[in-house]
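Coordinates as given in target_1.cif (mmCIF, C-alpha atoms):
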```cif
data_model
#
loop_
_atom_site.label_atom_id
_atom_site.label_comp_id
_atom_site.auth_asym_id
_atom_site.auth_seq_id
_atom_site.Cartn_x
_atom_site.Cartn_y
_atom_site.Cartn_z
CA MET N 203 -44.16 -15.23 80.34
CA SER N 204 -41.41 -13.53 82.31
CA ALA N 205 -39.51 -16.84 82.70
CA ALA N 206 -39.83 -17.74 79.05
CA SER N 207 -38.55 -14.42 77.81
CA PRO N 208 -34.98 -14.84 79.12
CA VAL N 209 -34.86 -18.30 77.57
CA ARG N 210 -35.90 -16.99 74.20
CA THR N 211 -33.50 -14.09 74.58
CA ALA N 212 -30.62 -16.41 75.41
CA GLY N 213 -31.47 -18.66 72.50
CA ALA N 214 -31.55 -15.73 70.11
CA ALA N 215 -28.23 -14.50 71.46
CA GLY N 216 -26.70 -17.94 71.03
CA ALA N 217 -28.01 -18.15 67.50
CA GLY N 218 -26.57 -14.72 66.78
CA ARG N 219 -23.19 -15.78 68.14
CA SER N 220 -23.17 -18.98 66.13
CA GLY N 221 -24.24 -17.08 63.04
CA GLY N 222 -21.48 -14.60 63.64
CA VAL N 223 -18.94 -17.39 63.97
CA ARG N 224 -20.13 -19.00 60.76
CA SER N 225 -20.00 -15.67 58.98
CA GLY N 226 -16.57 -14.90 60.30
CA SER N 227 -15.26 -18.33 59.38
CA PHE N 228 -16.78 -17.92 55.92
CA LEU N 229 -15.03 -14.60 55.49
CA GLY N 230 -11.89 -16.07 56.93
CA VAL N 231 -11.90 -18.77 54.27
CA ARG N 232 -12.71 -16.43 51.42
CA ARG N 233 -10.47 -13.52 52.40
CA PRO N 234 -7.09 -15.22 51.64
CA TRP N 235 -8.31 -16.17 48.18
CA ARG N 236 -9.47 -12.63 47.54
CA LEU N 237 -6.19 -11.25 48.82
CA ALA N 238 -4.25 -13.64 46.57
CA ALA N 239 -6.32 -12.60 43.57
CA GLU N 240 -5.72 -8.91 44.29
CA VAL N 241 -1.97 -9.44 44.72
CA THR N 242 -1.84 -11.42 41.48
CA ALA N 243 -3.72 -8.67 39.64
CA VAL N 244 -1.29 -6.05 40.98
CA LEU N 245 1.72 -8.13 39.94
CA VAL N 246 0.32 -8.64 36.44
CA ALA N 247 -0.36 -4.90 36.16
CA VAL N 248 3.22 -4.11 37.24
CA VAL N 249 4.67 -6.55 34.69
CA VAL N 250 2.52 -5.09 31.92
CA ALA N 251 3.21 -1.46 32.86
CA PHE N 252 6.96 -1.82 33.44
CA PRO N 253 7.97 -1.61 29.73
CA LEU N 254 5.93 1.59 29.41
CA TYR N 255 7.57 2.98 32.54
CA TRP N 256 11.03 2.11 31.21
CA MET N 257 10.23 3.73 27.87
CA VAL N 258 9.14 7.00 29.49
CA LEU N 259 12.06 6.89 31.93
CA SER N 260 14.58 6.38 29.11
CA ALA N 261 13.02 9.27 27.22
CA PHE N 262 13.81 11.60 30.14
CA LYS N 263 17.24 10.17 30.94
CA PRO N 264 20.34 12.05 29.77
CA ALA N 265 22.54 10.35 27.19
CA GLY N 266 25.13 9.32 29.77
CA GLU N 267 22.64 7.35 31.84
CA ILE N 268 21.08 5.65 28.82
CA GLN N 269 24.44 4.39 27.62
CA SER N 270 25.56 3.37 31.10
CA THR N 271 26.43 -0.28 31.69
CA ASP N 272 24.70 -0.08 35.07
CA PRO N 273 21.13 1.04 34.27
CA LYS N 274 18.97 2.21 37.15
CA PRO N 275 15.15 2.31 37.27
CA TRP N 276 15.21 6.03 38.10
CA THR N 277 16.98 9.23 37.20
CA LEU N 278 17.97 12.17 39.38
CA SER N 279 18.68 14.50 36.47
CA PRO N 280 15.79 14.34 33.96
CA SER N 281 16.39 15.95 30.61
CA LEU N 282 14.26 17.01 27.63
CA ASP N 283 17.08 16.68 25.11
CA SER N 284 15.62 13.52 23.58
CA PHE N 285 12.22 15.16 23.06
CA ARG N 286 13.94 18.21 21.59
CA ARG N 287 15.68 16.04 19.00
CA VAL N 288 12.37 14.38 18.15
CA PHE N 289 10.45 17.61 17.60
CA GLU N 290 13.36 19.19 15.72
CA GLN N 291 13.30 16.33 13.24
CA GLN N 292 12.38 17.45 9.77
CA GLU N 293 8.71 16.84 8.80
CA PHE N 294 7.86 15.26 12.16
CA GLY N 295 4.64 17.28 12.25
CA ARG N 296 3.68 16.03 8.78
CA TYR N 297 4.22 12.43 9.84
CA PHE N 298 2.03 13.02 12.89
CA LEU N 299 -0.80 14.49 10.82
CA ASN N 300 -0.53 11.65 8.30
CA SER N 301 -0.93 9.12 11.11
CA LEU N 302 -3.96 10.96 12.46
CA LEU N 303 -5.54 11.13 9.01
CA VAL N 304 -4.96 7.45 8.26
CA ALA N 305 -6.10 6.22 11.70
CA GLY N 306 -9.14 8.49 11.78
CA THR N 307 -10.27 7.48 8.30
CA VAL N 308 -9.85 3.78 9.08
CA VAL N 309 -11.81 4.08 12.34
CA LEU N 310 -14.75 5.91 10.79
CA ALA N 311 -14.91 3.87 7.59
CA SER N 312 -14.51 0.47 9.25
CA ALA N 313 -17.07 1.31 11.95
CA LEU N 314 -19.66 2.43 9.38
CA ILE N 315 -19.15 -0.52 7.04
CA ALA N 316 -19.00 -3.05 9.89
CA PHE N 317 -22.22 -1.70 11.42
CA LEU N 318 -24.11 -2.03 8.15
CA ALA N 319 -22.60 -5.45 7.40
CA ALA N 320 -23.33 -6.79 10.90
CA THR N 321 -26.92 -5.60 10.63
CA ALA N 322 -27.31 -7.25 7.24
CA VAL N 323 -25.95 -10.67 8.28
CA THR N 324 -27.96 -10.63 11.52
CA ARG N 325 -31.35 -9.25 10.49
CA PHE N 326 -31.68 -10.59 6.95
CA ARG N 327 -31.78 -14.12 5.59
CA PHE N 328 -30.04 -14.53 2.25
CA LYS N 329 -28.12 -17.13 0.31
CA PHE N 330 -24.52 -17.87 1.37
CA ARG N 331 -24.98 -15.92 4.59
CA THR N 332 -23.26 -18.62 6.65
CA THR N 333 -20.51 -18.93 4.07
CA LEU N 334 -19.89 -15.20 4.30
CA LEU N 335 -19.57 -15.36 8.08
CA ILE N 336 -17.12 -18.26 7.82
CA MET N 337 -15.07 -16.25 5.32
CA PHE N 338 -14.90 -13.41 7.86
CA LEU N 339 -13.57 -15.87 10.43
CA VAL N 340 -11.04 -17.40 8.02
CA ALA N 341 -9.79 -13.94 7.08
CA GLN N 342 -8.79 -13.40 10.70
CA MET N 343 -6.56 -16.48 10.60
CA VAL N 344 -4.40 -15.32 7.70
CA PRO N 345 -1.25 -13.52 8.94
CA ILE N 346 -0.73 -10.03 7.60
CA GLU N 347 2.86 -10.81 6.64
CA ALA N 348 1.69 -13.48 4.21
CA LEU N 349 -0.47 -10.94 2.37
CA THR N 350 1.98 -8.06 2.24
CA ILE N 351 3.58 -8.98 -1.10
CA PRO N 352 0.26 -9.68 -2.90
CA MET N 353 -1.14 -6.45 -1.53
CA PHE N 354 1.95 -4.59 -2.71
CA PHE N 355 1.27 -5.64 -6.29
CA LEU N 356 -2.42 -4.83 -5.83
CA MET N 357 -1.62 -1.32 -4.61
CA ARG N 358 0.82 -0.89 -7.50
CA ASP N 359 -1.79 -1.91 -10.06
CA MET N 360 -4.28 0.48 -8.46
CA GLY N 361 -1.75 3.30 -8.57
CA GLN N 362 -1.87 3.77 -4.78
CA LEU N 363 1.81 3.30 -3.95
CA ASN N 364 3.40 6.28 -2.15
CA THR N 365 -0.05 7.54 -1.13
CA LEU N 366 -1.99 7.41 2.10
CA GLY N 367 -4.61 5.33 0.31
CA ALA N 368 -2.13 2.44 0.28
CA LEU N 369 -2.31 2.48 4.10
CA ILE N 370 -6.02 3.24 4.53
CA LEU N 371 -7.46 0.54 2.25
CA PRO N 372 -5.53 -2.45 3.69
CA HIS N 373 -6.25 -1.45 7.28
CA ILE N 374 -9.96 -1.11 6.56
CA ALA N 375 -9.93 -4.56 4.99
CA PHE N 376 -8.12 -6.13 7.95
CA SER N 377 -10.30 -4.37 10.54
CA LEU N 378 -13.64 -5.38 9.04
CA PRO N 379 -13.72 -9.15 9.84
CA PHE N 380 -13.14 -8.59 13.56
CA ALA N 381 -15.52 -5.64 13.65
CA VAL N 382 -18.32 -7.49 11.85
CA TRP N 383 -18.03 -10.54 14.11
CA MET N 384 -18.07 -8.41 17.24
CA LEU N 385 -20.91 -6.12 16.17
CA ARG N 386 -22.97 -9.13 15.08
CA GLY N 387 -23.34 -10.10 18.73
CA PHE N 388 -24.44 -6.60 19.69
CA VAL N 389 -27.00 -6.42 16.88
CA LYS N 390 -28.31 -9.89 17.70
CA ALA N 391 -28.79 -8.87 21.35
CA VAL N 392 -31.32 -6.21 20.35
CA PRO N 393 -34.76 -7.89 20.47
CA GLU N 394 -36.66 -8.13 17.24
CA ALA N 395 -39.73 -7.02 19.19
CA LEU N 396 -38.15 -3.60 19.49
CA GLU N 397 -37.79 -3.41 15.73
CA GLU N 398 -41.38 -4.50 15.20
CA ALA N 399 -42.62 -1.93 17.71
CA ALA N 400 -40.71 0.80 15.88
CA TYR N 401 -42.29 -0.20 12.57
CA LEU N 402 -45.75 -0.21 14.16
CA ASP N 403 -45.11 3.32 15.40
CA GLY N 404 -44.40 4.42 11.84
CA ALA N 405 -40.58 4.40 11.88
CA SER N 406 -38.91 3.55 8.59
CA ARG N 407 -36.08 1.04 8.34
CA THR N 408 -33.55 3.86 7.98
CA ARG N 409 -34.86 5.64 11.06
CA PHE N 410 -34.78 2.44 13.10
CA LEU N 411 -31.26 1.76 11.91
CA TRP N 412 -29.75 5.11 12.91
CA GLN N 413 -31.96 6.36 15.74
CA ILE N 414 -32.62 3.12 17.62
CA LEU N 415 -30.21 0.36 16.62
CA PHE N 416 -27.11 2.51 16.25
CA PRO N 417 -27.18 3.92 19.84
CA LEU N 418 -27.71 0.42 21.25
CA VAL N 419 -24.71 -1.10 19.46
CA PHE N 420 -22.52 1.96 20.01
CA PRO N 421 -20.49 0.24 22.80
CA GLY N 422 -19.49 -2.42 20.28
CA LEU N 423 -18.55 0.26 17.77
CA VAL N 424 -16.31 1.87 20.38
CA ALA N 425 -14.54 -1.42 21.11
CA THR N 426 -13.90 -2.13 17.44
CA SER N 427 -12.78 1.46 16.94
CA VAL N 428 -10.15 1.07 19.66
CA PHE N 429 -8.83 -2.05 17.94
CA SER N 430 -8.78 -0.35 14.54
CA PHE N 431 -7.13 2.80 15.87
CA ILE N 432 -4.35 1.01 17.74
CA SER N 433 -3.51 -1.40 14.90
CA THR N 434 -3.47 1.43 12.35
CA TRP N 435 -1.60 3.93 14.50
CA ASN N 436 1.19 1.46 15.32
CA ASP N 437 1.50 0.06 11.80
CA PHE N 438 5.04 -0.16 10.49
CA LEU N 439 4.88 -3.03 8.00
CA PHE N 440 2.51 -1.44 5.49
CA ALA N 441 4.09 2.00 5.88
CA LYS N 442 7.52 0.54 5.14
CA SER N 443 6.29 -1.61 2.24
CA PHE N 444 3.91 0.75 0.42
CA ILE N 445 5.56 4.15 0.98
CA ILE N 446 8.76 3.73 -0.98
CA SER N 447 10.04 7.05 -2.32
CA ASP N 448 7.66 9.83 -1.25
CA THR N 449 8.60 10.34 2.39
CA SER N 450 6.04 13.13 2.75
CA GLN N 451 3.37 10.40 2.83
CA SER N 452 5.04 8.49 5.65
CA THR N 453 3.45 8.00 9.04
CA LEU N 454 4.80 8.46 12.55
CA PRO N 455 6.36 4.98 13.01
CA MET N 456 8.58 5.69 10.01
CA ALA N 457 9.96 8.77 11.78
CA LEU N 458 11.64 6.50 14.33
CA LEU N 459 13.92 5.10 11.62
CA VAL N 460 15.89 8.35 11.71
CA PHE N 461 17.20 7.46 15.16
CA PHE N 462 18.45 4.03 14.06
CA LYS N 463 21.97 4.65 12.82
CA PRO N 464 24.60 2.22 11.51
CA ASP N 465 27.23 3.15 14.07
CA GLU N 466 25.14 3.79 17.20
CA ASN N 467 21.40 3.99 17.78
CA ASP N 468 19.95 7.06 19.47
CA TRP N 469 17.98 5.22 22.13
CA GLY N 470 16.94 8.44 23.81
CA GLY N 471 15.35 9.69 20.60
CA ILE N 472 13.74 6.30 19.97
CA MET N 473 12.19 6.22 23.43
CA ALA N 474 11.09 9.84 23.25
CA GLY N 475 9.49 9.29 19.83
CA SER N 476 7.76 6.16 21.11
CA THR N 477 6.44 8.11 24.09
CA VAL N 478 5.04 10.80 21.79
CA MET N 479 3.40 8.09 19.70
CA THR N 480 1.75 6.60 22.79
CA VAL N 481 0.08 9.85 23.88
CA PRO N 482 -2.67 9.93 21.16
CA VAL N 483 -3.54 6.30 21.89
CA LEU N 484 -3.94 7.08 25.59
CA VAL N 485 -6.02 10.17 24.82
CA PHE N 486 -8.27 8.18 22.48
CA PHE N 487 -8.68 5.44 25.07
CA VAL N 488 -9.55 7.93 27.83
CA LEU N 489 -12.19 9.52 25.61
CA VAL N 490 -13.92 6.21 24.88
CA GLN N 491 -13.17 4.14 28.00
CA ARG N 492 -16.61 4.70 29.51
CA ARG N 493 -18.24 3.16 26.46
CA LEU N 494 -15.95 0.13 26.48
CA VAL N 495 -17.48 -1.34 29.61
CA SER N 496 -21.06 -0.31 28.93
CA GLY N 497 -23.43 -2.90 27.50
CA LEU N 498 -27.00 -3.34 26.51
CA GLY N 499 -28.26 -4.13 29.99
CA GLY N 500 -30.99 -1.68 30.90
CA ALA N 501 -30.95 -0.05 27.48
CA VAL N 502 -33.61 -2.37 26.04
CA LYS N 503 -36.79 -2.93 28.02
CA ASP N 504 -39.53 -5.34 27.11
#
```
Starting from the coordinates I provided, produce the structure as C-alpha cells.
Amino acid sequence: MSAASPVRTAGAAGAGRSGGVRSGSFLGVRRPWRLAAEVTAVLVAVVVAFPLYWMVLSAFKPAGEIQSTDPKPWTLSPSLDSFRRVFEQQEFGRYFLNSLLVAGTVVLASALIAFLAATAVTRFRFKFRTTLLIMFLVAQMVPIEALTIPMFFLMRDMGQLNTLGALILPHIAFSLPFAVWMLRGFVKAVPEALEEAAYLDGASRTRFLWQILFPLVFPGLVATSVFSFISTWNDFLFAKSFIISDTSQSTLPMALLVFFKPDENDWGGIMAGSTVMTVPVLVFFVLVQRRLVSGLGGAVKD
C-alpha cells in the first residue's frame, strides 16, 4: 500500500500537469481571437462615437477655431457662445416643447395600437390575417420620400397642414408596421397555457391582456418606443413639408435652419443646436436601456 501510493500520486500529478498544459494551450489559442474581437469592438465604437465627439467639440469651440483651416480634435479655450446663440433664438423653447409633444404622442399611441394589433394577429385566427402581415412588411419597404407628396395632399384635404397633427399622424403610421412585427414575436413567445390558466382562475380577457400579457411584452414595447422616439424626434422632412407658414408649430430640427445663412453658415450654432437635440434622446435611452436587453426568459414558468 505504501509503495502504490507514490505511484498513484505521481500519476495524478502527471495528469494534472498534462491537463494544465492542455488548458493553457486551449486558452492560448482562444485568447488572441478574443483580444482581436475586443480590439475590433473598440475600434468600431470609436468610429461610431467620433462624429458625436466632433459635434460636441465644435459646439464648445470659439468661432476662430471652427473657421480655422487647420482643425484640431481638441480646444484649449472652450466657449459657450454657440449655446448662448441657440438659447437666445426666438421661440426656441416653443420648438422644443413641440418636439416633445409630437414624439411623446407618437410613442404612446404607436405602442398602444401596436400592442393591440400584435395581440390580435397572434392570438386570433381570422380571414386575410396572413395578407395583413404581408402588407405590414411591404409597408416597411416603401421609402418615406416617395410618400411625402401624396401625404401632403392627404394632410391638406384633412385640414391638418400647419398643425402638429400633420406630424403626429404620419409618424404613427410609419412606426406601426415595425412595431407590430416586433411585438408579434414577443406575444407569440408567451405560452398559450399561461392564457388558459388565467381564464381557469377567473381572469377576463381584458385582465389577462393588461395585467399578464402587457408586462411580459413590455421589453418589446420599449424597443419599439425607442425606434419611434428617435425617428420622430429627428424628423426634418415632414416638418419642412407640412409646416409651411405657421412657424409656431415647427419642431426643433426646423430651428437649425436659422443658422444656415446664404453668405456663411454658423457652424457653431448648428453644432450647439444639434448637441441640445441629442440630449433628450440620450436621456430617454438611459431611462429605458435596462428594458432593452431584458427578455422573457424567467418571466414565464411552466
Practice task
Have a look at N:Val392, N:Phe420, N:Glu398, N:Phe444 and name the one nearest to Leu356 of chain N; count only C-alpha atoms.
Solution key: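 So, comparing all the options, the nearest one is N:Phe444.
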Practice task
Report the residues retrieved by the PyMOL selection byres ((chain N and resi 350) around 12) from the displayed file, expressed as a list in words.
Solution key: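 So the PyMOL selection byres ((chain N and resi 350) around 12), applied here, picks out Val344, Pro345, Ile346, Glu347, Ala348, Leu349, Ile351, Pro352, Met353, Phe354, Phe355, Leu356, Met357, Ala368, Leu369, Pro372, His373, Phe376, Phe438, Leu439, Phe440, Ala441, Lys442, Ser443 and Phe444 of chain N.
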Handout entry: Distance in Å - atom CA of Gln292 of chain N versus atom CA of Pro455 of chain N
Key =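 Atom CA of Pro455 of chain N lies 14.2 Å from atom CA of Gln292 of chain N.
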Problem - Atomic distance atom CA of Ala320 of chain N - atom CA of Val382 of chain N, expressed in Å with one decimal - result: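 Going from atom CA of Ala320 of chain N over to atom CA of Val382 of chain N, I get 5.1 Å.
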Problem - Between atom CA of Asp468 of chain N and atom CA of Ala251 of chain N, distance in Å (one decimal) - result: 23.1 Å
Fill in the blank from the handout: Across N:Val424, N:Leu459, N:Ala243, N:Val485, the smallest distance to Gly471 of chain N, with all atoms listed in the file counted, is shown by N:Leu459
Practice task
Name every residue that the PyMOL selection byres ((chain N and resi 410) around 12) selects in this structure, writing the answer as number ranges by chain with chains first and numbers rising.
Solution key: N: 321, 392, 394, 396-409, 411-418
With C-alpha atoms kept, could you save the residues just selected as an mmCIF file, in the coordinates of the input?
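Written out: result_36.cif:
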```cif
data_model
loop_
_atom_site.group_PDB
_atom_site.id
_atom_site.type_symbol
_atom_site.label_atom_id
_atom_site.label_comp_id
_atom_site.auth_asym_id
_atom_site.auth_seq_id
_atom_site.Cartn_x
_atom_site.Cartn_y
_atom_site.Cartn_z
ATOM 1 C CA THR N 321 -26.920 -5.600 10.630
ATOM 2 C CA VAL N 392 -31.320 -6.210 20.350
ATOM 3 C CA GLU N 394 -36.660 -8.130 17.240
ATOM 4 C CA LEU N 396 -38.150 -3.600 19.490
ATOM 5 C CA GLU N 397 -37.790 -3.410 15.730
ATOM 6 C CA GLU N 398 -41.380 -4.500 15.200
ATOM 7 C CA ALA N 399 -42.620 -1.930 17.710
ATOM 8 C CA ALA N 400 -40.710 0.800 15.880
ATOM 9 C CA TYR N 401 -42.290 -0.200 12.570
ATOM 10 C CA LEU N 402 -45.750 -0.210 14.160
ATOM 11 C CA ASP N 403 -45.110 3.320 15.400
ATOM 12 C CA GLY N 404 -44.400 4.420 11.840
ATOM 13 C CA ALA N 405 -40.580 4.400 11.880
ATOM 14 C CA SER N 406 -38.910 3.550 8.590
ATOM 15 C CA ARG N 407 -36.080 1.040 8.340
ATOM 16 C CA THR N 408 -33.550 3.860 7.980
ATOM 17 C CA ARG N 409 -34.860 5.640 11.060
ATOM 18 C CA LEU N 411 -31.260 1.760 11.910
ATOM 19 C CA TRP N 412 -29.750 5.110 12.910
ATOM 20 C CA GLN N 413 -31.960 6.360 15.740
ATOM 21 C CA ILE N 414 -32.620 3.120 17.620
ATOM 22 C CA LEU N 415 -30.210 0.360 16.620
ATOM 23 C CA PHE N 416 -27.110 2.510 16.250
ATOM 24 C CA PRO N 417 -27.180 3.920 19.840
ATOM 25 C CA LEU N 418 -27.710 0.420 21.250
#
```
Exercise for the section: Name the closest residue to Ala316 of chain N among the candidates N:Met384, N:Leu378, N:Val304, N:Leu339; distances are taken between atoms, counting only C-alpha atoms. Expected result: N:Leu378
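The shortest atom-to-atom distance to Leu423 of chain N, with all atoms listed in the file taken into account, belongs to N:Arg386 out of N:Thr365, N:Ala322, N:Met343, N:Arg386.
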Problem - Residue among N:Ser476, N:Val389, N:Ser281, N:Phe380 lying closest to Met337 of chain N, counting all atoms listed in the file - result: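 When distances to Met337 of chain N are compared using all atoms listed in the file, the smallest one comes from N:Phe380.
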Handout entry: Picked residues, the PyMOL selection byres ((chain N and resi 254-256) around 10), as a list in words
Key =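 Checking the PyMOL selection byres ((chain N and resi 254-256) around 10) against this file, the residues are Val248, Val249, Val250, Ala251, Phe252, Pro253, Met257, Val258, Leu259, Ser260, Ala261, Phe262, Lys274, Pro275, Trp276, Met473, Ser476, Thr477 and Thr480 of chain N.
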Exercise for the section: Find, counting only C-alpha atoms, the residue in N:Leu278, N:Leu458, N:Ala375, N:Leu366 that gets nearest to Lys263 of chain N. Expected result: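 With only C-alpha atoms as the atom set, the closest residue is N:Leu278.
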Which residues are close to Ser301 of chain N, i.e. within 12 Å by all atoms listed in the file, leaving aside same-chain residues fewer than 4 positions away? Reply as a short mmCIF file (atom, residue, chain, number, x, y, z; two decimals) with C-alpha atoms, keeping the file's coordinate frame.
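Once written, out27.cif looks like this:
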```
data_model
loop_
_atom_site.label_atom_id
_atom_site.label_comp_id
_atom_site.auth_asym_id
_atom_site.auth_seq_id
_atom_site.Cartn_x
_atom_site.Cartn_y
_atom_site.Cartn_z
CA PHE N 294 7.86 15.26 12.16
CA GLY N 295 4.64 17.28 12.25
CA ARG N 296 3.68 16.03 8.78
CA TYR N 297 4.22 12.43 9.84
CA ALA N 305 -6.10 6.22 11.70
CA GLY N 306 -9.14 8.49 11.78
CA THR N 307 -10.27 7.48 8.30
CA VAL N 308 -9.85 3.78 9.08
CA LEU N 366 -1.99 7.41 2.10
CA LEU N 369 -2.31 2.48 4.10
CA ILE N 370 -6.02 3.24 4.53
CA PHE N 431 -7.13 2.80 15.87
CA ILE N 432 -4.35 1.01 17.74
CA SER N 433 -3.51 -1.40 14.90
CA THR N 434 -3.47 1.43 12.35
CA TRP N 435 -1.60 3.93 14.50
CA ASN N 436 1.19 1.46 15.32
CA ASP N 437 1.50 0.06 11.80
CA PHE N 438 5.04 -0.16 10.49
CA ALA N 441 4.09 2.00 5.88
CA SER N 450 6.04 13.13 2.75
CA GLN N 451 3.37 10.40 2.83
CA SER N 452 5.04 8.49 5.65
CA THR N 453 3.45 8.00 9.04
CA LEU N 454 4.80 8.46 12.55
CA PRO N 455 6.36 4.98 13.01
CA MET N 456 8.58 5.69 10.01
CA ALA N 457 9.96 8.77 11.78
CA MET N 479 3.40 8.09 19.70
CA PRO N 482 -2.67 9.93 21.16
CA VAL N 483 -3.54 6.30 21.89
#
```
Generate N, CA, C and O atoms for segment 366-384 of chain N and emit them as a short mmCIF file (atom, residue, chain, number, x, y, z; two decimals), in the frame of the given file.
```
data_model
loop_
_atom_site.label_atom_id
_atom_site.label_comp_id
_atom_site.auth_asym_id
_atom_site.auth_seq_id
_atom_site.Cartn_x
_atom_site.Cartn_y
_atom_site.Cartn_z
N LEU N 366 -1.37 7.85 0.86
CA LEU N 366 -1.99 7.41 2.10
C LEU N 366 -3.09 6.38 1.85
O LEU N 366 -3.44 5.62 2.76
N GLY N 367 -3.62 6.34 0.63
CA GLY N 367 -4.61 5.33 0.31
C GLY N 367 -4.07 3.92 0.41
O GLY N 367 -4.81 2.98 0.70
N ALA N 368 -2.75 3.75 0.16
CA ALA N 368 -2.13 2.44 0.28
C ALA N 368 -2.11 1.96 1.72
O ALA N 368 -1.93 0.76 1.97
N LEU N 369 -2.26 2.86 2.68
CA LEU N 369 -2.31 2.48 4.10
C LEU N 369 -3.75 2.39 4.59
O LEU N 369 -4.06 1.56 5.45
N ILE N 370 -4.63 3.22 4.06
CA ILE N 370 -6.02 3.24 4.53
C ILE N 370 -6.77 2.00 4.07
O ILE N 370 -7.44 1.32 4.87
N LEU N 371 -6.68 1.67 2.79
CA LEU N 371 -7.46 0.54 2.25
C LEU N 371 -7.11 -0.80 2.90
O LEU N 371 -8.02 -1.55 3.30
N PRO N 372 -5.83 -1.16 3.04
CA PRO N 372 -5.53 -2.45 3.69
C PRO N 372 -5.99 -2.51 5.14
O PRO N 372 -6.50 -3.55 5.58
N HIS N 373 -5.85 -1.42 5.87
CA HIS N 373 -6.25 -1.45 7.28
C HIS N 373 -7.77 -1.55 7.42
O HIS N 373 -8.26 -2.20 8.36
N ILE N 374 -8.51 -0.94 6.53
CA ILE N 374 -9.96 -1.11 6.56
C ILE N 374 -10.32 -2.57 6.29
O ILE N 374 -11.18 -3.15 6.97
N ALA N 375 -9.64 -3.16 5.33
CA ALA N 375 -9.93 -4.56 4.99
C ALA N 375 -9.60 -5.50 6.14
O ALA N 375 -10.35 -6.45 6.41
N PHE N 376 -8.51 -5.25 6.85
CA PHE N 376 -8.12 -6.13 7.95
C PHE N 376 -8.92 -5.86 9.22
O PHE N 376 -9.01 -6.72 10.09
N SER N 377 -9.50 -4.69 9.35
CA SER N 377 -10.30 -4.37 10.54
C SER N 377 -11.72 -4.88 10.43
O SER N 377 -12.37 -5.15 11.46
N LEU N 378 -12.24 -5.02 9.22
CA LEU N 378 -13.64 -5.38 9.04
C LEU N 378 -14.02 -6.77 9.57
O LEU N 378 -15.07 -6.89 10.22
N PRO N 379 -13.27 -7.84 9.33
CA PRO N 379 -13.72 -9.15 9.84
C PRO N 379 -13.94 -9.16 11.35
O PRO N 379 -14.98 -9.63 11.83
N PHE N 380 -12.98 -8.63 12.11
CA PHE N 380 -13.14 -8.59 13.56
C PHE N 380 -14.31 -7.71 13.96
O PHE N 380 -15.10 -8.06 14.85
N ALA N 381 -14.44 -6.57 13.30
CA ALA N 381 -15.52 -5.64 13.65
C ALA N 381 -16.88 -6.24 13.35
O ALA N 381 -17.83 -6.10 14.15
N VAL N 382 -17.03 -6.90 12.21
CA VAL N 382 -18.32 -7.49 11.85
C VAL N 382 -18.70 -8.60 12.83
O VAL N 382 -19.85 -8.69 13.28
N TRP N 383 -17.75 -9.46 13.17
CA TRP N 383 -18.03 -10.54 14.11
C TRP N 383 -18.43 -9.99 15.47
O TRP N 383 -19.33 -10.51 16.13
N MET N 384 -17.77 -8.96 15.92
CA MET N 384 -18.07 -8.41 17.24
C MET N 384 -19.41 -7.68 17.25
O MET N 384 -20.24 -7.86 18.16
#
```
